[in-house]
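Dropping structure-v9.pdb in here (PDB, C-alpha atoms and all ligand atoms):
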ATOM      1  CA  MET N 193      -3.481 -19.575   0.646
ATOM      2  CA  SER N 194      -7.249 -20.230   0.807
ATOM      3  CA  GLU N 195      -9.631 -19.511  -2.074
ATOM      4  CA  PRO N 196     -11.864 -16.454  -1.672
ATOM      5  CA  PRO N 197     -15.388 -17.360  -0.541
ATOM      6  CA  LEU N 198     -17.918 -17.511  -3.379
ATOM      7  CA  PRO N 199     -19.941 -14.314  -3.717
ATOM      8  CA  SER N 200     -23.116 -16.358  -3.155
ATOM      9  CA  ALA N 201     -21.838 -17.222   0.311
ATOM     10  CA  GLY N 202     -22.112 -13.530   1.226
ATOM     11  CA  TRP N 203     -19.578 -11.757   3.336
ATOM     12  CA  GLN N 204     -17.438 -14.228   5.231
ATOM     13  CA  VAL N 205     -15.061 -13.466   8.012
ATOM     14  CA  GLU N 206     -11.707 -13.838   6.283
ATOM     15  CA  GLN N 207      -9.341 -16.268   7.922
ATOM     16  CA  ASN N 208      -6.639 -13.695   7.852
ATOM     17  CA  ALA N 209      -6.678 -10.054   6.745
ATOM     18  CA  SER N 210      -3.017 -10.300   5.621
ATOM     19  CA  GLU N 211      -3.896 -13.198   3.323
ATOM     20  CA  ALA N 212      -6.871 -11.229   2.014
ATOM     21  CA  TYR N 213      -4.558  -8.245   1.412
ATOM     22  CA  GLU N 214      -2.232 -10.408  -0.682
ATOM     23  CA  GLN N 215      -5.082 -12.140  -2.482
ATOM     24  CA  TYR N 216      -7.252  -9.134  -3.250
ATOM     25  CA  LEU N 217      -5.421  -5.811  -2.957
ATOM     26  CA  VAL N 218      -1.974  -6.784  -4.228
ATOM     27  CA  PRO N 219      -3.135  -7.958  -7.694
ATOM     28  CA  SER N 220      -5.728  -5.207  -8.163
ATOM     29  CA  ILE N 221      -3.718  -2.293  -6.762
ATOM     30  CA  PHE N 222      -0.234  -2.745  -5.336
ATOM     31  CA  ALA N 223       1.485  -4.977  -7.931
ATOM     32  CA  SER N 224       1.410  -2.461 -10.786
ATOM     33  CA  TRP N 225       2.413   0.412  -8.503
ATOM     34  CA  ALA N 226       5.319  -1.718  -7.201
ATOM     35  CA  ASP N 227       6.507  -2.159 -10.768
ATOM     36  CA  GLN N 228       6.392   1.565 -11.309
ATOM     37  CA  LEU N 229       8.205   2.321  -8.025
ATOM     38  CA  ILE N 230      11.003  -0.087  -8.910
ATOM     39  CA  GLU N 231      11.192   1.461 -12.386
ATOM     40  CA  SER N 232      11.359   4.996 -10.948
ATOM     41  CA  SER N 233      14.065   4.061  -8.454
ATOM     42  CA  ASP N 234      16.262   2.738 -11.267
ATOM     43  CA  VAL N 235      17.226  -0.590  -9.693
ATOM     44  CA  HIS N 236      20.271  -2.330 -11.237
ATOM     45  CA  GLU N 237      21.739  -5.794 -11.069
ATOM     46  CA  GLY N 238      23.800  -6.154  -7.904
ATOM     47  CA  ASP N 239      21.909  -3.477  -5.931
ATOM     48  CA  ARG N 240      21.167  -3.964  -2.240
ATOM     49  CA  ILE N 241      17.505  -3.090  -1.668
ATOM     50  CA  LEU N 242      15.536  -2.430   1.502
ATOM     51  CA  ASP N 243      11.718  -2.470   1.349
ATOM     52  CA  VAL N 244      10.433  -0.577   4.416
ATOM     53  CA  ALA N 245       6.902  -1.433   5.636
ATOM     54  CA  CYS N 246       6.960  -4.213   3.060
ATOM     55  CA  GLY N 247       3.558  -5.698   3.953
ATOM     56  CA  THR N 248       3.249  -9.007   2.111
ATOM     57  CA  GLY N 249       6.363  -8.082   0.110
ATOM     58  CA  ILE N 250       5.251  -7.127  -3.387
ATOM     59  CA  VAL N 251       7.931  -4.420  -3.820
ATOM     60  CA  ALA N 252      10.629  -6.726  -2.432
ATOM     61  CA  ARG N 253       9.596  -9.485  -4.856
ATOM     62  CA  HIS N 254       9.715  -7.134  -7.856
ATOM     63  CA  ALA N 255      13.103  -5.828  -6.682
ATOM     64  CA  ALA N 256      14.495  -9.368  -6.346
ATOM     65  CA  SER N 257      13.723 -10.071  -9.991
ATOM     66  CA  ARG N 258      15.891  -7.067 -10.958
ATOM     67  CA  VAL N 259      18.949  -7.345  -8.717
ATOM     68  CA  GLY N 260      20.011 -10.878  -9.685
ATOM     69  CA  ALA N 261      22.253 -13.231  -7.730
ATOM     70  CA  SER N 262      24.824 -10.514  -6.977
ATOM     71  CA  GLY N 263      22.222  -8.284  -5.304
ATOM     72  CA  SER N 264      20.168  -8.617  -2.142
ATOM     73  CA  VAL N 265      16.724  -7.678  -0.865
ATOM     74  CA  VAL N 266      15.465  -7.204   2.691
ATOM     75  CA  GLY N 267      11.849  -6.533   3.689
ATOM     76  CA  VAL N 268      10.947  -4.946   7.032
ATOM     77  CA  ASP N 269       7.468  -4.618   8.532
ATOM     78  CA  ILE N 270       6.065  -4.179  12.013
ATOM     79  CA  ASN N 271       3.224  -6.635  11.423
ATOM     80  CA  GLU N 272       3.925 -10.319  11.981
ATOM     81  CA  GLY N 273       0.882 -11.447   9.946
ATOM     82  CA  MET N 274       2.056  -9.532   6.881
ATOM     83  CA  LEU N 275       5.558 -11.009   7.208
ATOM     84  CA  THR N 276       4.200 -14.549   7.562
ATOM     85  CA  VAL N 277       2.410 -14.193   4.210
ATOM     86  CA  ALA N 278       5.468 -12.470   2.675
ATOM     87  CA  LYS N 279       7.732 -15.395   3.641
ATOM     88  CA  GLU N 280       5.282 -17.984   2.343
ATOM     89  CA  ILE N 281       4.818 -16.305  -1.057
ATOM     90  CA  ALA N 282       8.517 -15.614  -1.619
ATOM     91  CA  ALA N 283       9.808 -18.984  -0.425
ATOM     92  CA  ASP N 284      11.083 -20.009  -3.875
ATOM     93  CA  ILE N 285      12.281 -16.625  -5.136
ATOM     94  CA  GLN N 286      15.954 -16.129  -5.978
ATOM     95  CA  PRO N 287      17.861 -14.273  -4.655
ATOM     96  CA  SER N 288      16.106 -15.170  -1.436
ATOM     97  CA  ILE N 289      14.604 -12.224   0.410
ATOM     98  CA  ALA N 290      15.399 -11.652   4.091
ATOM     99  CA  TRP N 291      12.426 -10.596   6.243
ATOM    100  CA  ARG N 292      12.728  -8.661   9.513
ATOM    101  CA  GLN N 293      10.054  -7.605  11.957
ATOM    102  CA  ALA N 294      10.872  -4.054  13.072
ATOM    103  CA  ASP N 295       9.509  -0.556  13.507
ATOM    104  CA  ALA N 296      10.485   1.737  10.644
ATOM    105  CA  THR N 297      11.385   4.453  13.170
ATOM    106  CA  ASP N 298      14.276   2.288  14.382
ATOM    107  CA  LEU N 299      15.595   0.202  11.475
ATOM    108  CA  PRO N 300      17.632  -2.799  12.683
ATOM    109  CA  PHE N 301      20.661  -2.088  10.454
ATOM    110  CA  SER N 302      23.947  -0.279  10.783
ATOM    111  CA  GLY N 303      24.518   2.738   8.499
ATOM    112  CA  GLU N 304      25.221   2.820   4.752
ATOM    113  CA  GLN N 305      24.172  -0.738   3.898
ATOM    114  CA  PHE N 306      21.691  -0.252   1.064
ATOM    115  CA  ASP N 307      21.774   1.226  -2.453
ATOM    116  CA  ILE N 308      18.006   1.768  -2.624
ATOM    117  CA  VAL N 309      15.343   2.056   0.063
ATOM    118  CA  CYS N 310      11.726   1.678  -1.117
ATOM    119  CA  CYS N 311       8.581   2.344   0.830
ATOM    120  CA  GLN N 312       5.263   1.868  -0.946
ATOM    121  CA  GLN N 313       2.116   3.374   0.586
ATOM    122  CA  ALA N 314       3.165   3.335   4.233
ATOM    123  CA  VAL N 315       4.667   6.746   5.108
ATOM    124  CA  GLN N 316       1.135   8.007   5.772
ATOM    125  CA  PHE N 317       0.777   5.498   8.619
ATOM    126  CA  PHE N 318       3.914   6.568  10.487
ATOM    127  CA  ASP N 319       3.441   8.862  13.511
ATOM    128  CA  ASP N 320       6.724  10.563  12.697
ATOM    129  CA  PRO N 321       7.573  10.492   8.957
ATOM    130  CA  VAL N 322      10.644  12.720   9.473
ATOM    131  CA  THR N 323      12.244  10.169  11.803
ATOM    132  CA  VAL N 324      11.484   7.326   9.389
ATOM    133  CA  VAL N 325      12.903   9.231   6.396
ATOM    134  CA  GLY N 326      15.980   9.993   8.531
ATOM    135  CA  GLU N 327      16.330   6.273   9.262
ATOM    136  CA  MET N 328      16.035   5.475   5.547
ATOM    137  CA  ARG N 329      18.780   7.996   4.790
ATOM    138  CA  ARG N 330      21.017   6.596   7.552
ATOM    139  CA  VAL N 331      20.992   3.095   6.063
ATOM    140  CA  LEU N 332      21.603   4.327   2.474
ATOM    141  CA  THR N 333      25.069   4.557   0.954
ATOM    142  CA  THR N 334      26.223   7.907  -0.444
ATOM    143  CA  GLY N 335      24.669   8.138  -3.896
ATOM    144  CA  GLY N 336      21.878   5.772  -2.814
ATOM    145  CA  ARG N 337      18.228   6.596  -3.453
ATOM    146  CA  VAL N 338      15.009   6.502  -1.515
ATOM    147  CA  ALA N 339      11.784   5.771  -3.448
ATOM    148  CA  LEU N 340       8.482   6.431  -1.681
ATOM    149  CA  SER N 341       4.901   6.403  -2.815
ATOM    150  CA  VAL N 342       1.950   7.909  -1.013
ATOM    151  CA  TRP N 343      -1.633   8.259  -2.231
ATOM    152  CA  ARG N 344      -2.887  11.734  -3.033
ATOM    153  CA  PRO N 345      -5.732  13.056  -0.834
ATOM    154  CA  LEU N 346      -9.094  11.309  -0.823
ATOM    155  CA  GLU N 347     -10.724  13.859  -3.161
ATOM    156  CA  TYR N 348      -8.626  12.376  -6.030
ATOM    157  CA  GLN N 349      -9.842   8.803  -5.371
ATOM    158  CA  PRO N 350     -13.581   8.780  -6.181
ATOM    159  CA  GLY N 351     -14.168   5.102  -5.418
ATOM    160  CA  TYR N 352     -12.814   5.489  -1.898
ATOM    161  CA  VAL N 353     -14.715   8.707  -1.189
ATOM    162  CA  VAL N 354     -17.903   6.732  -1.779
ATOM    163  CA  LEU N 355     -16.751   3.579   0.044
ATOM    164  CA  ALA N 356     -15.576   5.524   3.123
ATOM    165  CA  ASP N 357     -18.855   7.481   3.327
ATOM    166  CA  ALA N 358     -20.913   4.289   3.033
ATOM    167  CA  LEU N 359     -18.843   2.483   5.672
ATOM    168  CA  ALA N 360     -19.244   5.459   8.012
ATOM    169  CA  ARG N 361     -23.018   5.467   7.540
ATOM    170  CA  TYR N 362     -23.630   1.695   7.788
ATOM    171  CA  ILE N 363     -20.824   0.469  10.071
ATOM    172  CA  GLY N 364     -19.709   3.534  12.048
ATOM    173  CA  ASP N 365     -17.482   6.613  11.950
ATOM    174  CA  HIS N 366     -14.403   4.554  12.819
ATOM    175  CA  ALA N 367     -14.936   2.376   9.709
ATOM    176  CA  GLY N 368     -15.165   5.491   7.546
ATOM    177  CA  GLU N 369     -11.995   6.877   9.121
ATOM    178  CA  MET N 370     -10.197   3.572   8.571
ATOM    179  CA  MET N 371     -11.021   3.643   4.831
ATOM    180  CA  ARG N 372      -9.906   7.310   4.594
ATOM    181  CA  SER N 373      -6.620   6.751   6.451
ATOM    182  CA  PRO N 374      -4.483   5.639   3.443
ATOM    183  CA  PHE N 375      -5.179   9.005   1.752
ATOM    184  CA  PRO N 376      -3.520  11.764   3.815
ATOM    185  CA  GLU N 377      -4.279  15.443   3.287
ATOM    186  CA  TRP N 378      -0.726  15.992   2.067
ATOM    187  CA  ASP N 379       0.222  18.042  -0.977
ATOM    188  CA  ALA N 380       3.606  17.867  -2.704
ATOM    189  CA  ASP N 381       4.961  20.712  -0.502
ATOM    190  CA  THR N 382       4.126  18.794   2.675
ATOM    191  CA  ILE N 383       5.976  15.747   1.361
ATOM    192  CA  GLN N 384       8.954  17.851   0.154
ATOM    193  CA  THR N 385       9.187  19.334   3.642
ATOM    194  CA  PHE N 386       9.309  16.100   5.587
ATOM    195  CA  VAL N 387      11.658  14.375   3.122
ATOM    196  CA  ARG N 388      14.025  17.372   3.357
ATOM    197  CA  GLU N 389      13.716  17.443   7.153
ATOM    198  CA  GLY N 390      14.691  13.773   7.071
ATOM    199  CA  GLY N 391      18.005  14.845   5.506
ATOM    200  CA  PHE N 392      17.568  14.711   1.714
ATOM    201  CA  GLU N 393      18.384  17.748  -0.458
ATOM    202  CA  ASP N 394      17.238  16.959  -3.999
ATOM    203  CA  VAL N 395      13.697  15.663  -3.842
ATOM    204  CA  SER N 396      11.708  14.870  -6.989
ATOM    205  CA  ILE N 397       7.961  14.337  -6.706
ATOM    206  CA  THR N 398       5.723  13.212  -9.556
ATOM    207  CA  ILE N 399       1.987  12.639  -9.669
ATOM    208  CA  GLU N 400       1.104   9.243 -11.125
ATOM    209  CA  ILE N 401      -2.443   8.438 -12.169
ATOM    210  CA  GLY N 402      -3.679   4.867 -12.320
ATOM    211  CA  SER N 403      -6.912   3.052 -11.637
ATOM    212  CA  VAL N 404      -8.370   0.249  -9.596
ATOM    213  CA  ARG N 405     -10.836  -2.240 -11.027
ATOM    214  CA  TYR N 406     -13.084  -4.869  -9.438
ATOM    215  CA  PRO N 407     -15.500  -7.295 -11.132
ATOM    216  CA  SER N 408     -18.480  -5.736  -9.323
ATOM    217  CA  VAL N 409     -19.302  -3.160  -6.686
ATOM    218  CA  GLU N 410     -20.111  -5.973  -4.262
ATOM    219  CA  GLU N 411     -16.596  -7.379  -4.764
ATOM    220  CA  PHE N 412     -15.083  -3.895  -4.400
ATOM    221  CA  VAL N 413     -16.752  -3.515  -1.006
ATOM    222  CA  ARG N 414     -16.170  -7.115   0.111
ATOM    223  CA  ARG N 415     -12.498  -7.372  -0.887
ATOM    224  CA  GLU N 416     -11.533  -3.963   0.484
ATOM    225  CA  ALA N 417     -13.336  -4.704   3.744
ATOM    226  CA  ALA N 418     -11.856  -8.210   4.062
ATOM    227  CA  SER N 419      -8.318  -6.862   3.655
ATOM    228  CA  SER N 420      -8.791  -4.089   6.191
ATOM    229  CA  PRO N 421      -8.011  -3.865   9.899
ATOM    230  CA  LEU N 422     -11.773  -3.920  10.582
ATOM    231  CA  ALA N 423     -12.369  -7.052   8.493
ATOM    232  CA  GLU N 424     -14.147  -9.097  11.156
ATOM    233  CA  GLN N 425     -16.300  -6.255  12.386
ATOM    234  CA  ILE N 426     -17.461  -5.318   8.901
ATOM    235  CA  ALA N 427     -18.062  -8.959   7.989
ATOM    236  CA  ALA N 428     -20.297  -9.332  11.057
ATOM    237  CA  VAL N 429     -23.042  -6.971   9.828
ATOM    238  CA  SER N 430     -26.355  -8.415   8.751
ATOM    239  CA  ARG N 431     -27.123  -9.280   5.135
ATOM    240  CA  GLU N 432     -29.683  -6.436   4.998
ATOM    241  CA  VAL N 433     -27.141  -3.845   6.094
ATOM    242  CA  ARG N 434     -24.557  -5.222   3.662
ATOM    243  CA  ASP N 435     -27.047  -5.152   0.776
ATOM    244  CA  ASP N 436     -28.040  -1.539   1.576
ATOM    245  CA  LEU N 437     -24.383  -0.539   1.781
ATOM    246  CA  VAL N 438     -23.550  -2.149  -1.563
ATOM    247  CA  ARG N 439     -26.626  -0.563  -3.197
ATOM    248  CA  GLU N 440     -25.583   2.854  -1.944
ATOM    249  CA  VAL N 441     -22.047   2.422  -3.316
ATOM    250  CA  GLU N 442     -23.495   1.181  -6.632
ATOM    251  CA  THR N 443     -25.710   4.245  -6.951
ATOM    252  CA  ALA N 444     -22.938   6.685  -6.064
ATOM    253  CA  LEU N 445     -20.437   5.015  -8.431
ATOM    254  CA  HIS N 446     -22.907   4.649 -11.285
ATOM    255  CA  ALA N 447     -20.687   6.659 -13.651
ATOM    256  CA  TYR N 448     -17.782   4.237 -13.069
ATOM    257  CA  ILE N 449     -19.670   0.981 -13.698
ATOM    258  CA  ASP N 450     -19.018  -0.705 -17.059
ATOM    259  CA  ASP N 451     -19.344  -4.155 -18.671
ATOM    260  CA  GLU N 452     -16.346  -5.473 -16.714
ATOM    261  CA  GLY N 453     -17.392  -4.265 -13.279
ATOM    262  CA  VAL N 454     -16.379  -1.049 -11.563
ATOM    263  CA  VAL N 455     -13.304   1.095 -12.097
ATOM    264  CA  SER N 456     -12.067   4.170 -10.288
ATOM    265  CA  PRO N 457      -9.113   6.521 -10.804
ATOM    266  CA  LEU N 458      -6.340   6.211  -8.209
ATOM    267  CA  GLU N 459      -3.645   8.878  -7.843
ATOM    268  CA  SER N 460      -0.334   8.736  -6.023
ATOM    269  CA  TYR N 461       2.727  10.835  -5.380
ATOM    270  CA  VAL N 462       5.991   9.094  -6.220
ATOM    271  CA  VAL N 463       9.021  10.559  -4.464
ATOM    272  CA  ILE N 464      12.665   9.955  -5.400
ATOM    273  CA  ALA N 465      15.563  11.472  -3.444
ATOM    274  CA  GLU N 466      19.292  10.776  -3.449
ATOM    275  CA  ARG N 467      21.666  10.725  -0.498
ATOM    276  CA  LYS N 468      24.352  13.184  -1.585
ATOM    277  CA  GLN N 469      26.857  12.720   1.232
TER     278      GLN N 469
HETATM  279  C1  LIG E 501      -0.809  -0.321   3.001
HETATM  280  S1  LIG E 501       0.374  -1.420   3.648
HETATM  281  C2  LIG E 501       1.629  -1.328   2.350
HETATM  282  C3  LIG E 501       2.460  -2.577   2.350
HETATM  283  C4  LIG E 501       3.422  -2.728   1.197
HETATM  284  N1  LIG E 501       4.399  -1.672   1.172
HETATM  285  C5  LIG E 501       2.720  -2.873  -0.141
HETATM  286  O1  LIG E 501       3.005  -2.092  -1.047
HETATM  287  O2  LIG E 501       1.876  -3.780  -0.272
HETATM  288  C6  LIG E 501       1.153  -0.497   4.958
HETATM  289  C7  LIG E 501       2.168  -1.312   5.746
HETATM  290  O3  LIG E 501       2.857  -0.461   6.665
HETATM  291  C8  LIG E 501       3.212  -1.251   7.785
HETATM  292  N2  LIG E 501       3.585  -0.352   8.889
HETATM  293  C9  LIG E 501       2.810   0.577   9.482
HETATM  294  N3  LIG E 501       3.501   1.216  10.450
HETATM  295  C10 LIG E 501       4.741   0.674  10.454
HETATM  296  C11 LIG E 501       5.932   0.922  11.216
HETATM  297  N4  LIG E 501       5.959   1.871  12.170
HETATM  298  N5  LIG E 501       7.027   0.192  10.953
HETATM  299  C12 LIG E 501       7.025  -0.771   9.987
HETATM  300  N6  LIG E 501       5.923  -1.054   9.243
HETATM  301  C13 LIG E 501       4.802  -0.338   9.467
HETATM  302  C14 LIG E 501       1.947  -2.065   8.015
HETATM  303  O4  LIG E 501       2.175  -3.182   8.863
HETATM  304  C15 LIG E 501       1.571  -2.444   6.597
HETATM  305  O5  LIG E 501       2.146  -3.673   6.221
END

If you took the structure in this file and wrote it as structure tokens, what would it be?
Ligand SMILES: C[S@@+](CC[C@H](N)C(=O)[O-])C[C@H]1O[C@@H](n2cnc3c(N)ncnc32)[C@H](O)[C@@H]1O
Amino acid sequence: MSEPPLPSAGWQVEQNASEAYEQYLVPSIFASWADQLIESSDVHEGDRILDVACGTGIVARHAASRVGASGSVVGVDINEGMLTVAKEIAADIQPSIAWRQADATDLPFSGEQFDIVCCQQAVQFFDDPVTVVGEMRRVLTTGGRVALSVWRPLEYQPGYVVLADALARYIGDHAGEMMRSPFPEWDADTIQTFVREGGFEDVSITIEIGSVRYPSVEEFVRREAASSPLAEQIAAVSREVRDDLVREVETALHAYIDDEGVVSPLESYVVIAERKQ
């Protein structure tokens, strides 16, 4: 995996947004939430785990360290670039993780094969969450559990409110929408409803509050942009536009800047449900 460009080199077009995702967003955001999701889903040695929409595989990797040689882990994602990075990173992990490219609405497994199905921060991107939850239930054994996480709405994520507004102003409305898209306008009732419609009866939802930290506002903007679907387009703006954008984010996030950079609260729903029959 390539080194990040030096800040003095300005915004560079990242070679690969999936690599940038693994390099920047996984350590600062997704790794600690993966730990918590695995903890909440109560993974045991010998469990068979499926990580749906696994991205570069952070949840699958954490699960593998828990299940031991008698367990197994499979990661599924629709995006080939994410899976390429996932395979590369996990090459030496035991038990080895199997990776499959597939759409979560049509999981490539027969029924009742897994003890736990995890899905970290992806349900919000599915056109039809009920169908996907139904698929997760289908592949679970009786007594198996699904563990999902989904960010709370944007208003609970102050850093991203500011970043999305600045991207909309300096890059375009579509860039603002892209940065808002991980934070659906769902409350716990909305999530309860679609998880129940997917076939689960007992659904437990907790609100977890964490944070995200970057060494500077410039790095917050650069790393988030580089790991995003609009990486190349955002990287192509002029230095003047980039500097104005960063200054605007710095001003708006003034209250969150400290001696170690910038920090912002980050809130997520964590959903656990068991397949009863
Ligand atoms: C924000 S990333 C989360 C990745 C990973 N779960 C993690 O925690 O790092 C969302 C992932 O959902 C995947 N995804 C979106 N729609 C999908 C679908 N219909 N089927 C499978 N994967 C999908 C994307 O390719 C992407 O890897």

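When CA of Arg372 (chain N) is paired with atom C6 of ligand LIG 501 (chain E), their separation reads 13.5 Å.
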
Determine, for each residue of chain N having at least one atom at most 6 Å from an atom of ligand LIG 501 (chain E), the closest pair of atoms and their separation in Å to one decimal, counting all atoms listed in the file; order by chain and ascending number, as a Markdown table.
| residue | atom | partner | partner_atom | distance |
| --- | --- | --- | --- | --- |
| N:Phe222 | CA | E:LIG501 | O1 | 5.4 |
| N:Ala245 | CA | E:LIG501 | N6 | 3.8 |
| N:Cys246 | CA | E:LIG501 | N1 | 4.1 |
| N:Gly247 | CA | E:LIG501 | O5 | 3.4 |
| N:Thr248 | CA | E:LIG501 | O2 | 5.9 |
| N:Ile250 | CA | E:LIG501 | O2 | 5.7 |
| N:Asp269 | CA | E:LIG501 | N6 | 3.9 |
| N:Ile270 | CA | E:LIG501 | C12 | 4.1 |
| N:Asn271 | CA | E:LIG501 | O4 | 4.4 |
| N:Met274 | CA | E:LIG501 | O5 | 5.9 |
| N:Ala294 | CA | E:LIG501 | C12 | 5.9 |
| N:Asp295 | CA | E:LIG501 | N5 | 3.6 |
| N:Ala296 | CA | E:LIG501 | N5 | 3.8 |
| N:Cys311 | CA | E:LIG501 | N1 | 5.8 |
| N:Gln312 | CA | E:LIG501 | N1 | 4.2 |
| N:Gln313 | CA | E:LIG501 | C2 | 5.0 |
| N:Ala314 | CA | E:LIG501 | C6 | 4.4 |
| N:Phe317 | CA | E:LIG501 | C9 | 5.4 |
| N:Phe318 | CA | E:LIG501 | N3 | 5.4 |

Between CA of Pro219 (chain N) and CA of Arg431 (chain N), what is the spacing in Å?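 Separation of CA of Arg431 (chain N) and CA of Pro219 (chain N): 27.2 Å.
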
Just want the 12 Å neighbourhood of region 359-365 of chain N, counted on only C-alpha atoms, with same-chain residues fewer than 5 positions away dropped. Output as a VMD selection string. chain N and resid 352 to 354 370 to 372 413 to 414 416 to 417 422 to 441

Take the residues from that selection and write them out as a PDB file, in the frame of the given file, keeping C-alpha atoms.
ATOM      1  CA  TYR N 352     -12.814   5.489  -1.898  1.00  0.00           C
ATOM      2  CA  VAL N 353     -14.715   8.707  -1.189  1.00  0.00           C
ATOM      3  CA  VAL N 354     -17.903   6.732  -1.779  1.00  0.00           C
ATOM      4  CA  MET N 370     -10.197   3.572   8.571  1.00  0.00           C
ATOM      5  CA  MET N 371     -11.021   3.643   4.831  1.00  0.00           C
ATOM      6  CA  ARG N 372      -9.906   7.310   4.594  1.00  0.00           C
ATOM      7  CA  VAL N 413     -16.752  -3.515  -1.006  1.00  0.00           C
ATOM      8  CA  ARG N 414     -16.170  -7.115   0.111  1.00  0.00           C
ATOM      9  CA  GLU N 416     -11.533  -3.963   0.484  1.00  0.00           C
ATOM     10  CA  ALA N 417     -13.336  -4.704   3.744  1.00  0.00           C
ATOM     11  CA  LEU N 422     -11.773  -3.920  10.582  1.00  0.00           C
ATOM     12  CA  ALA N 423     -12.369  -7.052   8.493  1.00  0.00           C
ATOM     13  CA  GLU N 424     -14.147  -9.097  11.156  1.00  0.00           C
ATOM     14  CA  GLN N 425     -16.300  -6.255  12.386  1.00  0.00           C
ATOM     15  CA  ILE N 426     -17.461  -5.318   8.901  1.00  0.00           C
ATOM     16  CA  ALA N 427     -18.062  -8.959   7.989  1.00  0.00           C
ATOM     17  CA  ALA N 428     -20.297  -9.332  11.057  1.00  0.00           C
ATOM     18  CA  VAL N 429     -23.042  -6.971   9.828  1.00  0.00           C
ATOM     19  CA  SER N 430     -26.355  -8.415   8.751  1.00  0.00           C
ATOM     20  CA  ARG N 431     -27.123  -9.280   5.135  1.00  0.00           C
ATOM     21  CA  GLU N 432     -29.683  -6.436   4.998  1.00  0.00           C
ATOM     22  CA  VAL N 433     -27.141  -3.845   6.094  1.00  0.00           C
ATOM     23  CA  ARG N 434     -24.557  -5.222   3.662  1.00  0.00           C
ATOM     24  CA  ASP N 435     -27.047  -5.152   0.776  1.00  0.00           C
ATOM     25  CA  ASP N 436     -28.040  -1.539   1.576  1.00  0.00           C
ATOM     26  CA  LEU N 437     -24.383  -0.539   1.781  1.00  0.00           C
ATOM     27  CA  VAL N 438     -23.550  -2.149  -1.563  1.00  0.00           C
ATOM     28  CA  ARG N 439     -26.626  -0.563  -3.197  1.00  0.00           C
ATOM     29  CA  GLU N 440     -25.583   2.854  -1.944  1.00  0.00           C
ATOM     30  CA  VAL N 441     -22.047   2.422  -3.316  1.00  0.00           C
TER      31      VAL N 441
END

What would the selection look like, as a ChimeraX atom specification, if the PyMOL selection byres (((chain N and resi 374-386) around 7) and not hetatm) were run on the coordinates I just shared? /N:316,321-322,343-346,371-373,387-390,395,397

Evaluate the PyMOL selection byres (((chain N and resi 264) around 10) and not hetatm) against this structure - the residues, as a PyMOL selection string, please. chain N and resi 237-242+252+255-256+258-263+265-266+286-290+306-307

Would you compute the box with edges along x, y and z of the file around region 347-356 of chain N, including every atom the file lists for it and 4 Å extra on each side, and give its centre and edge lengths in Å to one decimal, as JSON?
{"center_x": -13.3, "center_y": 8.7, "center_z": -1.5, "size_x": 17.3, "size_y": 18.3, "size_z": 17.3}

Under the PyMOL selection byres (((chain N and resi 403) around 8) and not hetatm), which residues of this model are included? Write them out as a list in words.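 When the PyMOL selection byres (((chain N and resi 403) around 8) and not hetatm) is applied, the selected residues are Ile221, Ile401, Gly402, Val404, Arg405, Val455, Ser456, Pro457, Leu458 and Glu459 of chain N.
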
Mind checking which residues fall within 12 Å of Gly453 (chain N), counting all atoms listed in the file, ignoring those fewer than 6 positions away in the same chain, and posting them as JSON, numbers by chain? {"N": [404, 405, 406, 407, 408, 409, 410, 411, 412, 442, 445, 446, 447]}

Please provide the set of residues having any atom within 8 Å of Glu466 (chain N), restricted to all atoms listed in the file, with same-chain residues fewer than 5 positions apart removed, written as a list in words. Gly335, Gly336, Arg337, Val338, Phe392, Glu393, Asp394 and Val395 of chain N

Go through N:His236, N:His254, N:Arg329, N:Arg415 one by one, measure the shortest atom-to-atom distance of each to Tyr213 (chain N) using only C-alpha atoms, and give the residue with the smallest value.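 Among N:His236, N:His254, N:Arg329, N:Arg415, it is N:Arg415 that comes nearest to Tyr213 (chain N).
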